[in-house]
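Here is the structure we will look at, set down as structure tokens.
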Amino acid sequence: MDFDLTEEQRLLKESVERLLADRYAFEQRQAYQKSPEGWSRELWRAYAELGLLGLPFAEEEGGVGGGPVETMIVMEAFGRALALEPYLSTVVLCGGILRRTGQKELLPRIADGSLLLAFAHGEPRSRWRLDHVETQVENGRVTGEKAVVLHGDSAEKLVVSARDGKGRIGLYLVDAGATARRGYPTQDGQRAAEIRLDGTPVEAVLAEDGMPLIERVVDEAIAALAAEAVGAMTALQELTVDYLKTRKQFGVPIGTFQALQHRAVDMLVATEQARSMAMFATMMAGEEDAAERRKAIAAAKVQVGRSARFVGQQAIQLHGGIGMTAEYKGGHYFKRLTMIDQMFGPADHHLERLAEAGGLFD
Amino acid sequence: MDFDLTEEQRLLKESVERLLADRYAFEQRQAYQKSPEGWSRELWRAYAELGLLGLPFAEEEGGVGGGPVETMIVMEAFGRALALEPYLSTVVLCGGILRRTGQKELLPRIADGSLLLAFAHGEPRSRWRLDHVETQVENGRVTGEKAVVLHGDSAEKLVVSARDGKGRIGLYLVDAGATARRGYPTQDGQRAAEIRLDGTPVEAVLAEDGMPLIERVVDEAIAALAAEAVGAMTALQELTVDYLKTRKQFGVPIGTFQALQHRAVDMLVATEQARSMAMFATMMAGEEDAAERRKAIAAAKVQVGRSARFVGQQAIQLHGGIGMTAEYKGGHYFKRLTMIDQMFGPADHHLERLAEAGGLFD
Amino acid sequence: MDLRFTPEEIAFRDEVRAFFRDNVPAKTREKLIAGRPLDKDDIVTWQRILNKRGWAVPNWPVEWGGQNWSPVQRYIFDEEMQLAPAPQPLPFGVSMVGPVIIAFGNEQQKKRFLPRIANLDDWWCQGFSEPGAGSDLASLKTRAERKGDRYIVNGQKTWTTLAQYADWIFCLCRTDPAAKKQEGISFLLIDMKTPGITVRPIVTIDGGREVNEVFFDDVEVPVENLVGEENKGWTYAKFLLGNERTGIARVGLSKQRLRRVKALAREVGLMDDPRFREKVAAVEVELKALEMTQLRVVAAERHRKDKKPDPFSSILKIKGSEIQQATTELALEVAGPYAMPYVPPQEGRNEPPIGPEWAAPLAPTYFNWRKVSIYGGSNEIQRNIIAKAILGL
Amino acid sequence: MDLRFTPEEIAFRDEVRAFFRDNVPAKTREKLIAGRPLDKDDIVTWQRILNKRGWAVPNWPVEWGGQNWSPVQRYIFDEEMQLAPAPQPLPFGVSMVGPVIIAFGNEQQKKRFLPRIANLDDWWCQGFSEPGAGSDLASLKTRAERKGDRYIVNGQKTWTTLAQYADWIFCLCRTDPAAKKQEGISFLLIDMKTPGITVRPIVTIDGGREVNEVFFDDVEVPVENLVGEENKGWTYAKFLLGNERTGIARVGLSKQRLRRVKALAREVGLMDDPRFREKVAAVEVELKALEMTQLRVVAAERHRKDKKPDPFSSILKIKGSEIQQATTELALEVAGPYAMPYVPPQEGRNEPPIGPEWAAPLAPTYFNWRKVSIYGGSNEIQRNIIAKAILGL
């Protein structure tokens, strides 16, 4: 057992953090968010140069052959910076599908930053159920509605789930331009889209029986989000401690009040428990036994969601009014953490799944 | 709406509290508990003299015609004193059944203190389900096992639930001496018994279809227990605040530490929320609409159970080691509160019932 | 002891309920149910409907339009207003500066301001908090220097709710910088149209613009706008803040919200999930307990000899805010994935909604509602108050 | 970074697991699973089995019987011991006074005491807490006055675990009453058979008698029983208390308990209840997170240059105790009505049980386990430590 980063991993971490420290200060982040696309093409190119966009791909696919630990490192840094780029959609979700479905010729284009993708799976009535797909595929054409597709507005190609005549949920590659899209910002300043497909032609059949792959990449995405949440939580927890040290009331820093100190400690404990479970998720993201993997990922989502909620709410409370203002970074962490808890289902949803599957220890 | 006690209620409260203050100091209570019966016959006579044992009975039945508010007053005082006598069993549960089933000749004997009863309903496999009765009645004889019958060891007569040939759960009066009993102390220093009936003759058929009445008296008992819990919680909360004021560490009373102050405040808030719900239970104990009554009582049990747990645990924590010792009153409140939460099912059990019934507001 | 409403109280409740049912403008009611912000016109219109009925300022003395209701009647009135739902009258005039003027103002001030407050002819806002004076309000720095028959006011207030609509602001200003902290503060009424006042909106995390910074740059205020005595403003502020706490349990509002949560959850099938159902029921239990606690505080009012706020009202503030926040979390869970799209409230009225229309305000409401455990004396400050005033710690 | 055990670590785990499986006496194991108290013989027997295998004191230096294991191996060993379950060696000798003697004692003391600790020939107990010195340990008052080659000890210790069996006690005593609080304290080893020592049991709320008061009345202690330097005892105590915290997460114990809770809940049909199932799963998630946190602390040990306790171990103490307590609450719920009968552990072995036999110890365990958030530095003290040492507040 070894929690230390390898030399390569340490270098990766340093270079991502340096890039974001230089070019992702909060004011810059707010400017990217206000731009028409809502994120930075320039940073996207910089990620490509650093090799981040091909991180999980093999070298012959234009990638660097990284694993879940490398993804964790990058996502944690993105969490700290509140990065807005479509990394989860393009690299983790769609990249994860394409590299397992023989679409190897597209991977170098993801890796070099020239191809954006989105995972069009959720539907207006699916809520968090992964197996609720009403979209139909027939004779190579897809028809249906996809809801809250992350970064669906900027993607050039979509990986769409659809049910075929045999009732199987498959995965299909389509040209995003051949769909009707309505893009919008999300509560945390990211982007998403509602997408309507009306006989949209299939460019490639990725998997006719796609559920195991859908579950697998969603588990990987949850592990990645857990790391992002830990980055955001850590930064927010530090921001709060700094505030407690500097904000004065009644003639003293408010961090001298024991009730607030203990709250800050509980925030730290929650953050560290989440970090531990993000690591556990990272460790289990590659697990081949799907049942074991799903339980582990569900457990991580529970802990990360609960910690995110607690840390977010307490950070706002300890900041007082300032935490409620749009011009302060703290509130944006809170919003992002709230949305990460929601994504792919909130903590209690996963607790229910975990409990139904028999729990962690037996 | 009037939260003030009437003159009679005020007098009742004062006389019960005076009696207990005089004759139920903690050392006396511990002596009663160690006596063979585990409670005080002398106090039982004193309760009779005060009219407490006939509180809910009409005057012509040897009682004083009190209602749920009067029961609340007495039970709250018992909670404060950690009283050990079989009041709930004899007066609230069995008295509640007998006065509604035409057994009026027994009521004066309850009221004058000469008759003790116990409600033999729960069974080894029933857990908290009121409608799980395996005990059989046939040709006027009852056979079966009854579990954790409160004060079943000292009772002279038992109100036993049993299922007849038609599958109905009825209530039957039997002579306790005609059963096999094994008495024991409970965790909180009260008494209970395991009782085996083996063709025990029925002295009186109280109700052939007894479920509505069972539910009704159990609801009344829960309201009474809620008041008892509030009495115990209030005393424990006060004890804790006193301890915070007197115990010194680091050269100051530990009550000067803000984190402990805020915990004490949360204990107060929990106690007051429980008090409010004990009042609500009192108000709704007489509700004729059984569905409404059950929801209200379930809600009260949830709040009282949760508050009891929080106040009990925090009181021990704030006392440190001393709260863990048998010779200090605080720990006994904690144990009694724990058992009250368990009795008739813990908080979460009632939350489940309440939620299934549609909740409180609609 | 009789914990039920009397027949008279029930008759009163029915009367109030019927009035609200028949008189709240439909579009206002719909916005309240959906959690969408009201505009100025909604608020003014409703206040005038209330005023016409004589119910604009029921808690004031009868000579100024009050109703001489019992504490229970006032409770019923507030509860029914929240349940309807009807807009709650803006507190700044009716519950804050109005009572201060009644208690400490002079006759001229009463005649000048009170009727216009009741009819919302003047929109008031509150100038207490400052960037450096939040929980520690008494450390405020805004100066008011006496020069002849005027005060010259310089400084900054913050978190000023709806200052963008305000005609007047009531301010705590430091008039004696040499005095000790709580002394040397005065209570001034300032016309927002006076030169030297700048209002700058603070955008909040939910995208809202309900709070502001207000800057004072050599603002001249006639001395007749001083309430009570110079340097006694802290006393008046404490009186006001005590009043603020009692209404803050908002039991009726939370009831109305829980009903909506349950209705929407039924719509999306979530009420079939025992886990969610029990989460809702747990909040309902807390709310019922809070309602009873509030009724106890209300009923105890008639036994209180002094006019000081009951420290028990701090319990109402703590629990009330926690429960309100819990309802916004439940709503967020009901929204599911459609909690995510951000739809600015101002624009897009003509566009179709993204997902179900009801989902859009739920996340912003959750974000925005974090404020209720911060403002009006944070929940930590309330715990300090209880520890001292009730527990004697 | 590789978060899985290496093949070597897995081999070690299997070896340890097999040893525990084959060597824990059956009756000891049954008592542990049922939550019934062990008697002295159970504990001594097990310690000697461990000692025979060379695993009695693995954390000590090799020359005194230690094993030179990596932090991960130590973790695996502790975890497997709790999972087996096997009795955890009494900490007082092996983890407390032993390491203090090794670090600060003289050669003679090492030779005299260490082998007897490893074999549990001497049963040690801890004389730190006093009635007036709990969280504020340094305010202790027990005096040790030097007279020639002896100290004369007077005073009282409390919460002394299992003192009724003890041969020796290690005590903090005040040797310089004029010195400042933390100074002037010495660390003495006292033979429990010395005249003037009285042990009085403290009955706890679960009916147990595991803690005691120990009174010292002119107890003579030879000066050779002083550890290290006179008046430097506080330093040694801090060293000892730091060691105490790291083992306190008790992940293996909680795992074993959760498994038992689930097994019993299945037996009574409670695992069919989604509500209960989810409560168990929620604790499992916290426990898994704690396990990973503990592994991180363990793995970080090799990077620590100083020997000071990692303040992160306070997190392990807080979460570990909360989770242990949560498992006892779940067990209480499983018991149902049969949580209520009180069956004294000593007697009644020949009587049939009341209800299922497993139910009897569950409520006492819940009561007793409230101690784990109090002793070893209460969770409030742990939060103070983290606030200062990690957050810099």
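The chains in the structure tokens are called A, B, ... from first to last as shown; in each chain the residues are counted from 1, and the ligands are counted from 1 in the order shown.
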Can you tell me, as a ChimeraX atom specification, what residues are no more than 8 Å from D:Ala360 when counting only C-alpha atoms, ignoring any on the same chain fewer than 6 positions away? /D:338-339,341-343,354
Got a sec to tell me which of stretch 144-390 of chain C DSSP assigns to strand (DSSP E or B), as a PyMOL selection string? chain C and resi 144-147+150-161+168-174+185-191+197-202+204+211-222+226-227+232+341
Near B:Val218, counting only C-alpha atoms, which residues have an atom at most 10 Å away, once you skip same-chain residues fewer than 3 positions from it, shown as an MDAnalysis selection string? chainID B and resid 92:93 96:97 130 212:215 221:224 285 294 297 344
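Of the listed residues A:Leu106, A:His262, A:Met279, A:Thr325, the one whose atoms come nearest to chain B is A:His262, with distances taken using only C-alpha atoms.
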Could you name the residues that touch B:Ile322 at 10 Å or less, counting only C-alpha atoms, but leaving out those on the same chain fewer than 6 positions away, as a list in words? Ile316, Tyr328, Lys329, Gly330 and Gly331 of chain B; Pro131, Trp159, Ile202 and Thr204 of chain D
The selected residues should be written to file as a compact mmCIF listing (two decimals), in the first residue's frame (atoms: N, CA, C and O atoms).
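part-v7.txt written:
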# COMPACT_ATOMS: atom_id res chain seq x y z
N ILE B 316 -24.52 13.08 29.28
CA ILE B 316 -23.41 12.22 29.69
C ILE B 316 -22.09 12.83 29.20
O ILE B 316 -21.12 12.94 29.96
N TYR B 328 -24.59 8.53 40.50
CA TYR B 328 -25.00 9.88 40.13
C TYR B 328 -26.34 9.79 39.40
O TYR B 328 -26.56 8.92 38.56
N LYS B 329 -27.22 10.74 39.74
CA LYS B 329 -28.57 10.65 39.20
C LYS B 329 -28.63 10.77 37.67
O LYS B 329 -29.49 10.19 37.02
N GLY B 330 -27.70 11.56 37.12
CA GLY B 330 -27.74 11.86 35.68
C GLY B 330 -27.81 10.63 34.79
O GLY B 330 -28.62 10.56 33.86
N GLY B 331 -26.97 9.65 35.10
CA GLY B 331 -26.94 8.44 34.28
C GLY B 331 -28.26 7.69 34.31
O GLY B 331 -28.63 7.01 33.34
N PRO D 131 -10.17 13.35 40.66
CA PRO D 131 -11.52 13.94 40.66
C PRO D 131 -11.54 15.38 40.13
O PRO D 131 -12.46 15.78 39.43
N TRP D 159 -11.12 6.82 37.86
CA TRP D 159 -11.34 6.18 36.54
C TRP D 159 -10.24 5.18 36.23
O TRP D 159 -9.87 5.00 35.06
N ILE D 202 -15.88 1.77 41.18
CA ILE D 202 -16.95 2.69 40.76
C ILE D 202 -17.91 1.87 39.92
O ILE D 202 -17.52 1.32 38.89
N THR D 204 -20.56 1.50 37.24
CA THR D 204 -20.98 2.37 36.14
C THR D 204 -22.43 2.10 35.75
O THR D 204 -23.02 1.12 36.21
Closest contacts (chain C/chain D, max 9 Å, only C-alpha atoms) as JSON lines:
{"residue": "C:Pro274", "atom": "CA", "partner": "D:Arg275", "partner_atom": "CA", "distance": 7.7}
{"residue": "C:Arg275", "atom": "CA", "partner": "D:Arg275", "partner_atom": "CA", "distance": 6.7}
{"residue": "C:Glu278", "atom": "CA", "partner": "D:Arg275", "partner_atom": "CA", "distance": 8.7}
Kindly determine which residues of chain B lie within 8 Å of chain A, considering only C-alpha atoms, and give the answer as a count of residues only. 4
Correct to one decimal, the distance atom CA of B:Leu171-atom CA of B:Met211 is 8.6 Å
